[in-house]
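Next up, entry_1.csv (CSV, C-alpha atoms and all ligand atoms):
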```csv
chain,number,residue,atom,x,y,z
A,1,MET,CA,5.9,-19.4,15.7
A,2,ALA,CA,3.9,-19.3,12.5
A,3,ASP,CA,0.9,-21.5,12.6
A,4,GLN,CA,-0.4,-21.9,9.1
A,5,TYR,CA,-3.2,-24.2,8.2
A,6,ALA,CA,-5.4,-24.6,5.2
A,7,ARG,CA,-9.1,-25.1,4.8
A,8,SER,CA,-10.3,-26.1,1.4
A,9,GLY,CA,-12.8,-28.1,-0.5
A,10,ASP,CA,-16.5,-28.5,0.3
A,11,ASP,CA,-16.8,-25.8,2.9
A,12,ILE,CA,-15.9,-22.9,0.6
A,13,ARG,CA,-18.8,-20.5,0.4
A,14,PRO,CA,-20.3,-20.1,-3.1
A,15,THR,CA,-19.3,-16.5,-3.2
A,16,GLY,CA,-15.7,-17.4,-2.3
A,17,ILE,CA,-13.6,-16.6,0.8
A,18,PRO,CA,-12.5,-13.1,1.6
A,19,THR,CA,-9.1,-12.0,0.3
A,20,ILE,CA,-8.0,-10.8,3.8
A,21,ARG,CA,-9.7,-10.9,7.2
A,22,TRP,CA,-8.9,-10.3,10.8
A,23,ASP,CA,-10.2,-13.1,13.0
A,24,GLU,CA,-10.3,-13.7,16.8
A,25,PRO,CA,-10.6,-17.4,17.5
A,26,PRO,CA,-10.2,-18.6,21.1
A,27,GLU,CA,-6.5,-19.3,20.5
A,28,GLY,CA,-5.9,-15.7,19.8
A,29,PRO,CA,-6.1,-13.1,17.0
A,30,VAL,CA,-5.0,-14.1,13.5
A,31,LEU,CA,-4.8,-12.6,10.1
A,32,VAL,CA,-6.4,-14.9,7.5
A,33,LEU,CA,-5.5,-14.6,3.8
A,34,LEU,CA,-6.8,-16.2,0.7
A,35,ASP,CA,-3.7,-18.0,-0.5
A,36,GLN,CA,-3.2,-16.6,-4.0
A,37,THR,CA,-0.5,-19.1,-4.9
A,38,ARG,CA,-3.1,-21.8,-4.9
A,39,LEU,CA,-5.6,-20.1,-7.2
A,40,PRO,CA,-7.4,-20.9,-9.4
A,41,ALA,CA,-7.0,-24.6,-8.5
A,42,GLU,CA,-8.2,-24.2,-4.9
A,43,GLU,CA,-9.6,-21.5,-2.6
A,44,VAL,CA,-7.5,-22.1,0.5
A,45,GLU,CA,-7.0,-19.9,3.6
A,46,LEU,CA,-3.6,-19.2,5.0
A,47,VAL,CA,-3.6,-18.2,8.7
A,48,CYS,CA,-0.9,-16.0,10.0
A,49,THR,CA,-0.4,-15.8,13.8
A,50,ASP,CA,2.7,-13.5,13.7
A,51,ALA,CA,4.6,-11.0,11.5
A,52,PRO,CA,7.2,-13.5,10.3
A,53,ALA,CA,4.5,-15.7,8.8
A,54,LEU,CA,3.0,-12.7,7.1
A,55,VAL,CA,6.4,-11.6,5.8
A,56,GLU,CA,6.7,-15.1,4.2
A,57,ALA,CA,3.2,-14.9,2.8
A,58,ILE,CA,4.1,-11.5,1.2
A,59,ARG,CA,7.4,-12.8,-0.3
A,60,SER,CA,5.8,-15.9,-1.7
A,61,LEU,CA,3.0,-13.8,-3.2
A,62,ALA,CA,0.3,-15.6,-1.2
A,63,VAL,CA,-0.8,-12.1,-0.5
A,64,ARG,CA,0.1,-9.6,-3.2
A,65,GLY,CA,-0.9,-6.5,-5.3
A,66,ALA,CA,-0.1,-3.0,-4.1
A,67,PRO,CA,-3.3,-1.9,-2.2
A,68,LEU,CA,-3.7,-5.3,-0.5
A,69,LEU,CA,0.0,-5.3,0.5
A,70,GLY,CA,-0.7,-2.0,2.3
A,71,ILE,CA,-3.7,-3.5,4.1
A,72,ALA,CA,-1.8,-6.7,5.0
A,73,GLY,CA,1.1,-4.7,6.3
A,74,ALA,CA,-1.1,-2.6,8.6
A,75,TYR,CA,-2.8,-5.7,10.0
A,76,GLY,CA,0.6,-7.3,10.4
A,77,VAL,CA,1.7,-4.5,12.7
A,78,ALA,CA,-1.6,-4.9,14.6
A,79,LEU,CA,-1.0,-8.6,14.9
A,80,ALA,CA,2.4,-8.1,16.4
A,81,ALA,CA,1.0,-5.6,18.8
A,82,VAL,CA,-2.0,-7.6,20.0
A,83,ARG,CA,0.1,-10.8,20.4
A,84,GLY,CA,2.7,-8.9,22.5
A,85,PHE,CA,5.6,-9.1,20.0
A,86,ASP,CA,8.1,-6.4,19.3
A,87,VAL,CA,6.1,-4.0,17.2
A,88,GLU,CA,9.0,-1.9,15.9
A,89,GLU,CA,10.9,-5.1,14.8
A,90,ALA,CA,7.8,-6.5,13.1
A,91,ALA,CA,7.1,-3.2,11.3
A,92,ASP,CA,10.6,-3.1,10.0
A,93,ALA,CA,10.4,-6.7,8.7
A,94,LEU,CA,7.0,-6.1,7.1
A,95,GLU,CA,8.1,-2.9,5.4
A,96,GLY,CA,11.1,-4.6,3.9
A,97,ALA,CA,9.4,-7.7,2.7
A,98,ARG,CA,9.0,-6.3,-0.8
A,99,PRO,CA,10.5,-3.0,-2.0
A,100,THR,CA,8.6,-1.7,-5.0
A,101,ALA,CA,4.9,-1.5,-3.9
A,102,VAL,CA,4.9,1.7,-1.9
A,103,ASN,CA,1.5,0.8,-0.4
A,104,LEU,CA,3.2,-1.8,1.8
A,105,ALA,CA,5.3,0.9,3.5
A,106,VAL,CA,2.3,3.3,3.6
A,107,GLY,CA,0.2,0.7,5.4
A,108,VAL,CA,2.9,-0.4,7.8
A,109,ARG,CA,3.8,3.2,8.7
A,110,ARG,CA,0.2,4.1,9.3
A,111,ALA,CA,-0.4,1.3,11.8
A,112,ARG,CA,3.0,1.8,13.4
A,113,ALA,CA,2.3,5.6,13.8
A,114,ALA,CA,-1.1,4.9,15.5
A,115,HIS,CA,0.6,2.4,17.8
A,116,ARG,CA,3.4,4.7,18.7
A,117,ALA,CA,1.1,7.7,19.3
A,118,GLU,CA,-1.2,5.7,21.6
A,119,LEU,CA,1.7,4.2,23.5
A,120,GLY,CA,3.2,7.7,23.9
A,121,ARG,CA,-0.1,9.1,25.1
A,122,SER,CA,-1.4,6.4,27.5
A,123,GLY,CA,1.6,4.1,27.9
A,124,ASP,CA,-0.9,1.3,27.7
A,125,ARG,CA,0.2,-1.6,25.4
A,126,LYS,CA,-3.4,-3.0,25.0
A,127,GLN,CA,-4.7,0.4,24.0
A,128,ALA,CA,-1.8,0.9,21.6
A,129,ALA,CA,-2.5,-2.5,20.0
A,130,GLU,CA,-6.2,-1.5,19.6
A,131,ALA,CA,-5.1,1.8,17.9
A,132,ALA,CA,-2.9,-0.2,15.5
A,133,LEU,CA,-5.8,-2.5,14.7
A,134,ALA,CA,-8.2,0.5,14.2
A,135,ALA,CA,-5.7,2.0,11.8
A,136,ALA,CA,-5.6,-1.2,9.8
A,137,ARG,CA,-9.3,-1.5,9.7
A,138,ALA,CA,-9.7,2.2,8.6
A,139,LEU,CA,-7.2,1.6,5.8
A,140,HIS,CA,-9.1,-1.5,4.7
A,141,ARG,CA,-12.4,0.4,4.6
A,142,GLU,CA,-10.9,3.4,2.8
A,143,ASP,CA,-9.3,1.2,0.2
A,144,ALA,CA,-12.8,-0.4,-0.5
A,145,GLU,CA,-14.2,3.1,-0.9
A,146,ALA,CA,-11.3,4.2,-3.1
A,147,SER,CA,-12.0,1.2,-5.4
A,148,SER,CA,-15.5,2.2,-6.2
A,149,ARG,CA,-14.5,5.9,-6.7
A,150,MET,CA,-11.7,4.9,-9.1
A,151,ALA,CA,-14.1,2.7,-11.0
A,152,ALA,CA,-16.6,5.6,-11.4
A,153,HIS,CA,-13.9,8.0,-12.5
A,154,GLY,CA,-12.3,5.4,-14.8
A,155,LEU,CA,-15.6,4.7,-16.5
A,156,VAL,CA,-16.3,8.3,-17.2
A,157,LEU,CA,-12.8,8.6,-18.7
A,158,LEU,CA,-13.2,5.5,-20.8
A,159,ASP,CA,-16.5,6.8,-22.2
A,160,GLU,CA,-14.9,10.2,-23.0
A,161,LEU,CA,-12.0,8.6,-24.8
A,162,LEU,CA,-14.0,5.9,-26.5
A,163,PRO,CA,-17.5,7.2,-27.2
A,164,GLY,CA,-20.0,4.6,-28.3
A,165,GLY,CA,-19.0,1.8,-25.9
A,166,GLY,CA,-18.1,-1.7,-27.0
A,167,HIS,CA,-14.8,-1.3,-25.4
A,168,ARG,CA,-12.1,-4.0,-25.9
A,169,VAL,CA,-9.7,-3.5,-23.0
A,170,LEU,CA,-6.3,-5.1,-22.5
A,171,THR,CA,-5.1,-5.6,-19.0
A,172,HIS,CA,-1.9,-7.0,-17.4
A,173,CYS,CA,-1.2,-8.7,-14.1
A,174,ASN,CA,-4.0,-8.8,-11.6
A,175,THR,CA,-5.9,-5.7,-10.3
A,176,GLY,CA,-9.3,-6.9,-9.0
A,177,SER,CA,-10.8,-7.8,-5.7
A,178,LEU,CA,-7.8,-10.0,-5.0
A,179,VAL,CA,-5.6,-6.9,-4.6
A,180,SER,CA,-8.0,-4.7,-2.7
A,181,GLY,CA,-10.4,-4.1,0.1
A,182,GLY,CA,-12.9,-3.5,-2.7
A,183,GLU,CA,-13.1,-4.4,-6.3
A,184,GLY,CA,-9.6,-3.3,-7.2
A,185,THR,CA,-8.1,-0.7,-9.5
A,186,ALA,CA,-7.8,-1.3,-13.2
A,187,PHE,CA,-10.1,-4.4,-13.1
A,188,ALA,CA,-12.7,-2.4,-11.2
A,189,VAL,CA,-12.9,0.0,-14.1
A,190,ALA,CA,-13.4,-2.9,-16.6
A,191,LEU,CA,-16.0,-4.3,-14.2
A,192,ALA,CA,-17.9,-1.1,-14.1
A,193,ALA,CA,-17.9,-1.0,-17.9
A,194,HIS,CA,-19.1,-4.6,-18.0
A,195,ARG,CA,-21.9,-3.8,-15.6
A,196,VAL,CA,-23.3,-1.0,-17.8
A,197,GLY,CA,-22.9,-3.2,-20.9
A,198,ARG,CA,-20.0,-1.3,-22.4
A,199,LEU,CA,-17.3,-3.8,-22.2
A,200,ARG,CA,-17.1,-6.0,-25.3
A,201,ARG,CA,-14.0,-8.0,-24.2
A,202,LEU,CA,-11.3,-8.1,-21.6
A,203,TRP,CA,-8.0,-9.2,-23.1
A,204,VAL,CA,-6.0,-10.8,-20.2
A,205,ASP,CA,-2.2,-11.0,-20.5
A,206,GLU,CA,-1.1,-14.2,-18.8
A,207,THR,CA,1.7,-12.2,-17.1
A,208,ARG,CA,4.9,-14.3,-17.1
A,209,PRO,CA,6.5,-15.7,-15.1
A,210,LEU,CA,4.1,-16.1,-12.2
A,211,LEU,CA,0.9,-16.0,-14.3
A,212,GLN,CA,-1.1,-13.5,-12.2
A,213,GLY,CA,-3.2,-12.8,-15.4
A,214,ALA,CA,-3.9,-16.4,-16.3
A,215,ARG,CA,-4.4,-17.6,-12.7
A,216,LEU,CA,-6.0,-14.6,-11.0
A,217,THR,CA,-7.4,-12.1,-13.5
A,218,ALA,CA,-9.0,-14.9,-15.6
A,219,TYR,CA,-10.5,-16.3,-12.3
A,220,GLU,CA,-11.9,-12.9,-11.4
A,221,ALA,CA,-13.2,-12.2,-15.0
A,222,ALA,CA,-14.9,-15.7,-15.1
A,223,ARG,CA,-16.6,-15.1,-11.7
A,224,SER,CA,-17.8,-11.7,-12.9
A,225,GLY,CA,-19.4,-13.1,-16.0
A,226,MET,CA,-17.2,-10.9,-18.3
A,227,ALA,CA,-16.3,-11.9,-21.9
A,228,TYR,CA,-12.6,-12.4,-21.6
A,229,THR,CA,-9.8,-14.0,-23.6
A,230,LEU,CA,-6.4,-15.0,-22.3
A,231,LEU,CA,-3.3,-14.3,-24.3
A,232,THR,CA,0.4,-14.9,-23.8
A,233,ASP,CA,2.2,-11.6,-23.1
A,234,ASN,CA,4.0,-11.8,-26.4
A,235,ALA,CA,0.7,-12.1,-28.4
A,236,ALA,CA,-0.2,-8.5,-27.4
A,237,GLY,CA,1.6,-7.0,-30.3
A,238,SER,CA,-0.4,-9.0,-32.9
A,239,LEU,CA,-3.6,-8.0,-31.1
A,240,PHE,CA,-2.8,-4.3,-31.4
A,241,ALA,CA,-1.7,-4.7,-35.0
A,242,ALA,CA,-5.1,-6.4,-35.8
A,243,GLY,CA,-6.8,-3.3,-34.3
A,244,GLU,CA,-8.4,-5.4,-31.5
A,245,VAL,CA,-7.5,-3.2,-28.6
A,246,ASP,CA,-9.4,0.0,-27.7
A,247,ALA,CA,-7.7,0.8,-24.4
A,248,VAL,CA,-5.1,-0.6,-22.0
A,249,LEU,CA,-6.0,-0.5,-18.3
A,250,VAL,CA,-3.3,-1.4,-15.7
A,251,GLY,CA,-2.6,-0.8,-12.0
A,252,ALA,CA,0.6,0.5,-10.4
A,253,ASP,CA,2.9,-0.4,-7.6
A,254,ARG,CA,4.5,3.0,-7.2
A,255,ILE,CA,4.0,6.2,-9.1
A,256,ALA,CA,7.0,8.6,-8.8
A,257,ALA,CA,6.5,12.4,-8.4
A,258,ASP,CA,7.2,12.9,-12.2
A,259,GLY,CA,4.5,10.4,-13.1
A,260,SER,CA,6.7,7.4,-13.9
A,261,VAL,CA,4.7,4.2,-13.2
A,262,ALA,CA,6.2,1.0,-11.8
A,263,ASN,CA,4.0,-1.9,-12.5
A,264,LYS,CA,4.3,-5.6,-13.2
A,265,ILE,CA,7.0,-6.6,-15.7
A,266,GLY,CA,5.6,-6.3,-19.2
A,267,THR,CA,3.6,-3.2,-18.6
A,268,TYR,CA,6.2,-0.9,-20.3
A,269,PRO,CA,6.1,-2.8,-23.6
A,270,LEU,CA,2.3,-2.5,-23.6
A,271,ALA,CA,2.7,1.3,-23.2
A,272,VAL,CA,5.1,1.4,-26.1
A,273,LEU,CA,2.7,-0.6,-28.2
A,274,ALA,CA,-0.3,1.5,-27.2
A,275,ARG,CA,1.5,4.7,-28.2
A,276,TYR,CA,2.5,3.3,-31.6
A,277,HIS,CA,-1.1,2.2,-32.3
A,278,HIS,CA,-2.7,5.4,-30.9
A,279,VAL,CA,-4.5,3.5,-28.1
A,280,PRO,CA,-5.1,5.1,-24.7
A,281,PHE,CA,-2.9,3.7,-22.0
A,282,ILE,CA,-4.6,4.2,-18.6
A,283,VAL,CA,-3.1,3.6,-15.1
A,284,VAL,CA,-5.6,3.2,-12.3
A,285,ALA,CA,-4.3,3.4,-8.7
A,286,PRO,CA,-5.2,4.9,-5.3
A,287,VAL,CA,-3.6,8.1,-4.2
A,288,THR,CA,-1.6,6.0,-1.7
A,289,THR,CA,0.4,4.6,-4.7
A,290,ILE,CA,1.7,8.0,-5.6
A,291,ASP,CA,5.0,8.5,-3.9
A,292,LEU,CA,6.1,12.2,-4.0
A,293,GLY,CA,9.2,11.2,-2.1
A,294,THR,CA,10.5,9.3,-5.1
A,295,PRO,CA,11.4,11.9,-7.7
A,296,ASP,CA,11.5,9.8,-10.9
A,297,GLY,CA,11.4,6.4,-12.5
A,298,ALA,CA,15.1,5.8,-12.1
A,299,SER,CA,14.8,6.2,-8.3
A,300,ILE,CA,12.2,3.4,-8.0
A,301,GLU,CA,13.7,0.3,-6.5
A,302,VAL,CA,12.7,-2.6,-8.7
A,303,GLU,CA,12.4,-6.0,-6.9
A,304,GLN,CA,14.5,-8.7,-8.5
A,305,ARG,CA,13.2,-12.2,-7.9
A,306,ALA,CA,14.7,-15.7,-8.0
A,307,SER,CA,15.8,-17.3,-11.3
A,308,HIS,CA,13.7,-20.4,-10.7
A,309,GLU,CA,10.5,-18.5,-11.2
A,310,VAL,CA,11.6,-18.3,-14.9
A,311,THR,CA,13.6,-21.5,-15.3
A,312,GLU,CA,10.7,-23.6,-13.9
A,313,ILE,CA,7.0,-23.8,-14.4
A,314,THR,CA,5.1,-24.2,-11.1
A,315,ALA,CA,1.4,-25.0,-11.6
A,316,PRO,CA,-0.7,-23.9,-8.6
A,317,GLN,CA,-1.6,-27.4,-7.6
A,318,VAL,CA,1.9,-28.8,-7.8
A,319,PRO,CA,3.3,-29.2,-4.2
A,320,MET,CA,6.3,-26.9,-3.7
A,321,ALA,CA,8.0,-28.8,-0.9
A,322,GLY,CA,10.8,-31.3,-1.2
A,323,ALA,CA,12.3,-30.4,-4.7
A,324,GLU,CA,15.3,-28.4,-5.7
A,325,ALA,CA,15.0,-24.6,-6.2
A,326,GLY,CA,11.3,-23.7,-6.6
A,327,GLY,CA,10.1,-27.3,-6.8
A,328,GLY,CA,8.5,-26.8,-10.3
A,329,ILE,CA,9.1,-28.5,-13.6
A,330,ALA,CA,12.4,-27.3,-15.2
A,331,VAL,CA,12.1,-25.7,-18.6
A,332,ALA,CA,15.7,-24.5,-18.9
A,333,PRO,CA,19.0,-26.3,-18.4
A,334,LEU,CA,20.1,-26.8,-14.8
A,335,GLY,CA,22.0,-23.8,-13.5
A,336,THR,CA,20.5,-21.3,-16.0
A,337,GLN,CA,20.6,-17.8,-14.6
A,338,ALA,CA,17.4,-15.8,-15.4
A,339,TYR,CA,16.8,-12.0,-15.6
A,340,ASN,CA,13.7,-11.7,-13.5
A,341,PRO,CA,12.7,-8.2,-12.4
A,342,ALA,CA,9.2,-8.2,-10.9
A,343,PHE,CA,8.4,-4.7,-12.3
A,344,ASP,CA,9.2,-2.3,-15.0
A,345,VAL,CA,8.9,1.5,-15.2
A,346,THR,CA,6.8,3.3,-17.8
A,347,PRO,CA,7.7,7.0,-18.4
A,348,PRO,CA,4.9,9.5,-17.9
A,349,GLU,CA,4.9,10.6,-21.6
A,350,LEU,CA,3.5,7.1,-22.5
A,351,VAL,CA,0.7,7.3,-20.0
A,352,THR,CA,-2.6,8.8,-21.3
A,353,ALA,CA,-4.1,9.3,-17.8
A,354,ILE,CA,-3.7,8.2,-14.2
A,355,VAL,CA,-7.1,7.6,-12.6
A,356,THR,CA,-7.3,7.8,-8.8
A,357,GLU,CA,-10.2,8.0,-6.3
A,358,GLU,CA,-9.7,11.8,-6.4
A,359,GLY,CA,-10.2,12.0,-10.2
A,360,ALA,CA,-8.0,11.6,-13.3
A,361,VAL,CA,-4.8,13.3,-14.2
A,362,SER,CA,-4.2,13.9,-17.9
A,363,PRO,CA,-1.7,14.8,-19.2
A,364,VAL,CA,0.5,13.2,-16.5
A,365,THR,CA,2.8,15.9,-15.1
A,366,ALA,CA,4.6,16.4,-11.8
A,367,ASP,CA,2.5,19.5,-11.1
A,368,ALA,CA,-0.8,17.8,-11.8
A,369,LEU,CA,0.2,14.9,-9.5
A,370,ALA,CA,1.3,17.2,-6.7
A,371,GLU,CA,-1.9,19.1,-6.9
A,372,LEU,CA,-4.0,15.9,-6.8
A,373,CYS,CA,-2.1,14.7,-3.7
A,374,ASP,CA,-2.5,18.0,-2.0
A,375,ARG,CA,-6.3,18.0,-2.7
A,376,SER,CA,-6.5,14.4,-1.4
A,377,ARG,CA,-4.7,15.4,1.8
A,378,GLN,CA,-7.2,18.3,2.3
A,379,VAL,CA,-10.1,15.8,1.9
A,380,THR,CA,-8.6,13.3,4.3
A,381,ILE,CA,-7.7,15.8,7.1
B,401,LIG,O1,4.0,-9.0,-7.9
B,401,LIG,P1,2.6,-8.7,-7.7
B,401,LIG,O2,1.7,-9.8,-8.1
B,401,LIG,O3,2.3,-8.2,-6.3
B,401,LIG,O4,2.4,-7.5,-8.7
B,401,LIG,C1,1.1,-6.8,-8.7
B,401,LIG,C2,1.0,-5.8,-9.8
B,401,LIG,O5,2.0,-5.5,-10.5
B,401,LIG,C3,-0.2,-5.1,-9.9
B,401,LIG,O6,-0.5,-4.7,-11.3
B,401,LIG,C4,-0.1,-3.8,-9.1
B,401,LIG,O7,0.2,-4.1,-7.7
B,401,LIG,C5,-1.4,-3.0,-9.1
B,401,LIG,S1,-2.6,-3.8,-8.2
B,401,LIG,C6,-3.8,-2.8,-8.1
```

For this file, write the structure as structure tokens.
Ligand code: MRU
Amino acid sequence: MADQYARSGDDIRPTGIPTIRWDEPPEGPVLVLLDQTRLPAEEVELVCTDAPALVEAIRSLAVRGAPLLGIAGAYGVALAAVRGFDVEEAADALEGARPTAVNLAVGVRRARAAHRAELGRSGDRKQAAEAALAAARALHREDAEASSRMAAHGLVLLDELLPGGGHRVLTHCNTGSLVSGGEGTAFAVALAAHRVGRLRRLWVDETRPLLQGARLTAYEAARSGMAYTLLTDNAAGSLFAAGEVDAVLVGADRIAADGSVANKIGTYPLAVLARYHHVPFIVVAPVTTIDLGTPDGASIEVEQRASHEVTEITAPQVPMAGAEAGGGIAVAPLGTQAYNPAFDVTPPELVTAIVTEEGAVSPVTADALAELCDRSRQVTI
């Protein structure tokens, strides 16, 4: 069964605890997550001893963000394998935990394929488990490398689009080291600009309803020493109108073959605003987020989440247990149904560029994306 325990308070290292780590205490291997539902109030670890515990952590957003979901999924398969559980069953459950972020499926499939291949070759379960773990570790490492390459490409693009520096960048949701083996996607580009003195301000959308911007991006920006300002999502329009936004930088959960971008709900309105105000709208994502098997935006499955995430406010330090629905403070009449899609889809014609570790695509077309994926495969093989 899931054995989850928390460690918080005085023993937190000054640099913070890792977002995700594999550990092998005497009681057996575990996957240790930084519980993102508790940030920024507390830095608390969540320990998963089996795939069902990890599935629950994924659904509750204790672990979240497209690239990190891929890494977590791969480690989840390895965890099932080393602990002697049914690997195929665990992989199916992990892959189905959240539908939109394609990286989750990519990570799970990679570890599952390594496990199957080694089991087929040697018939040895221990060796197959080691192969799954090696695949997860490789994905983790590659994601860190992809982060720094995306940051470098993104910075070059920003400087081309906005010569002179002093960038005022608006971002949405959370895309920094909390979603990655490295420094993230869109946030990593802003961070690179900050490090070379060219970021004047990071505008941080709070990102209703679960406040990934307020709770997580503001936390990362503060730790990085950036000049940042938090705004409610619906204040973005007035910021554009005032001429205070030079570029929008966001991540992605799935990019369809035609360049349609699924990302956190509220991204599409920003793209519309950016187009109206002639501001570049830049998507930053690893190649693993491009899904050539999904032809267009309409084919992307958008996760629908529970009403209580909208009808209640749940502060990170408020205990969730023992209350009705989500256990938060009600802000709508009892029984109110909410429309709560986790993501929206931005059409390619509103996207100025997609920045990946293999370089930027602009304009965003199906041919350019296919060519980029092809090039990436050649580099990887
Ligand atoms: O529901 P979440 O918090 O997992 O959504 C995350 C996002 O939408 C991010 O913007 C996206 O995964 C890109 S992360 C690099």

Expected answer as JSON, numbers by chain: residues within 7 Å of ligand LIG 401 (chain B), all atoms listed in the file: {"A": [61, 64, 65, 66, 67, 101, 172, 173, 174, 175, 176, 179, 184, 185, 186, 212, 250, 251, 252, 253, 263, 264, 285, 342, 343]}

Closest of A:Ala80, A:Val245, A:Ala274, A:Val189 to Asp159 of chain A - atom-to-atom distances counting all atoms listed in the file: A:Val189

Computed interatomic separation between atom CA of Ala90 of chain A and atom CA of Ile71 of chain A (Å):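 Answer for the atom CA of Ala90 of chain A to atom CA of Ile71 of chain A separation: 14.9 Å.
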
Atom pair atom CA of Leu139 of chain A / atom CA of Tyr75 of chain A: separation (Å): 9.5 Å

Counting only C-alpha atoms, the option among A:Arg254, A:Arg208, A:His140, A:Arg223 closest to Val310 of chain A: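 Using only C-alpha atoms, Val310 of chain A sits closest to A:Arg208.
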
For atom CA of Asp233 of chain A and atom CA of Ile20 of chain A, the interatomic separation in Å (one decimal):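 Separation of atom CA of Asp233 of chain A and atom CA of Ile20 of chain A: 28.8 Å.
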
Which of A:Leu39, A:Thr49, A:Ala129, A:Thr229 sits closest to Glu27 of chain A [using only C-alpha atoms]: A:Thr49

Could I get the residues of segment 81-145 of chain A with an atom no further than 12 Å from an atom of segment 348-367 of chain A, each paired with its nearest atom pair and that distance in Å to one decimal, using only C-alpha atoms, sorted by chain and residue number, as a tab-separated table?
```
residue	atom	partner	partner_atom	distance
A:Glu142	CA	A:Glu357	CA	10.2
A:Asp143	CA	A:Glu357	CA	9.4
A:Ala144	CA	A:Glu357	CA	10.5
A:Glu145	CA	A:Glu357	CA	8.3
```

Local residues around (6.0, -12.6, 1.3), at most 12 Å away, using only C-alpha atoms, as a PyMOL selection string: chain A and resi 33+35-37+48+51-65+69+72-73+76+93-99+104+305

Among listed residues A:Asp50, A:Glu309, A:Asp246, A:Glu303, nearest Arg275 of chain A (using only C-alpha atoms): A:Asp246

Test item: residues at most 10 Å from His115 of chain A, all atoms listed in the file, excluding those fewer than 6 positions along its chain, as a ChimeraX atom specification: /A:77-78,81,87-88,109,121,125-135

Pick from A:Thr346, A:Ala214, A:Leu239, A:Thr314 nearest to Asp258 of chain A, counting all atoms listed in the file: A:Thr346

Among listed residues A:Ser180, A:Thr19, A:Thr217, A:Ser224, nearest Ala192 of chain A (using all atoms listed in the file):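 Smallest distance to Ala192 of chain A is found for A:Ser224.
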
Spatial neighbours of Leu161 of chain A, max dist 12 Å, all atoms listed in the file, sep filter under 2 positions, as a PyMOL selection string: chain A and resi 154-159+163-165+167+246-248+278-282+352-353+362
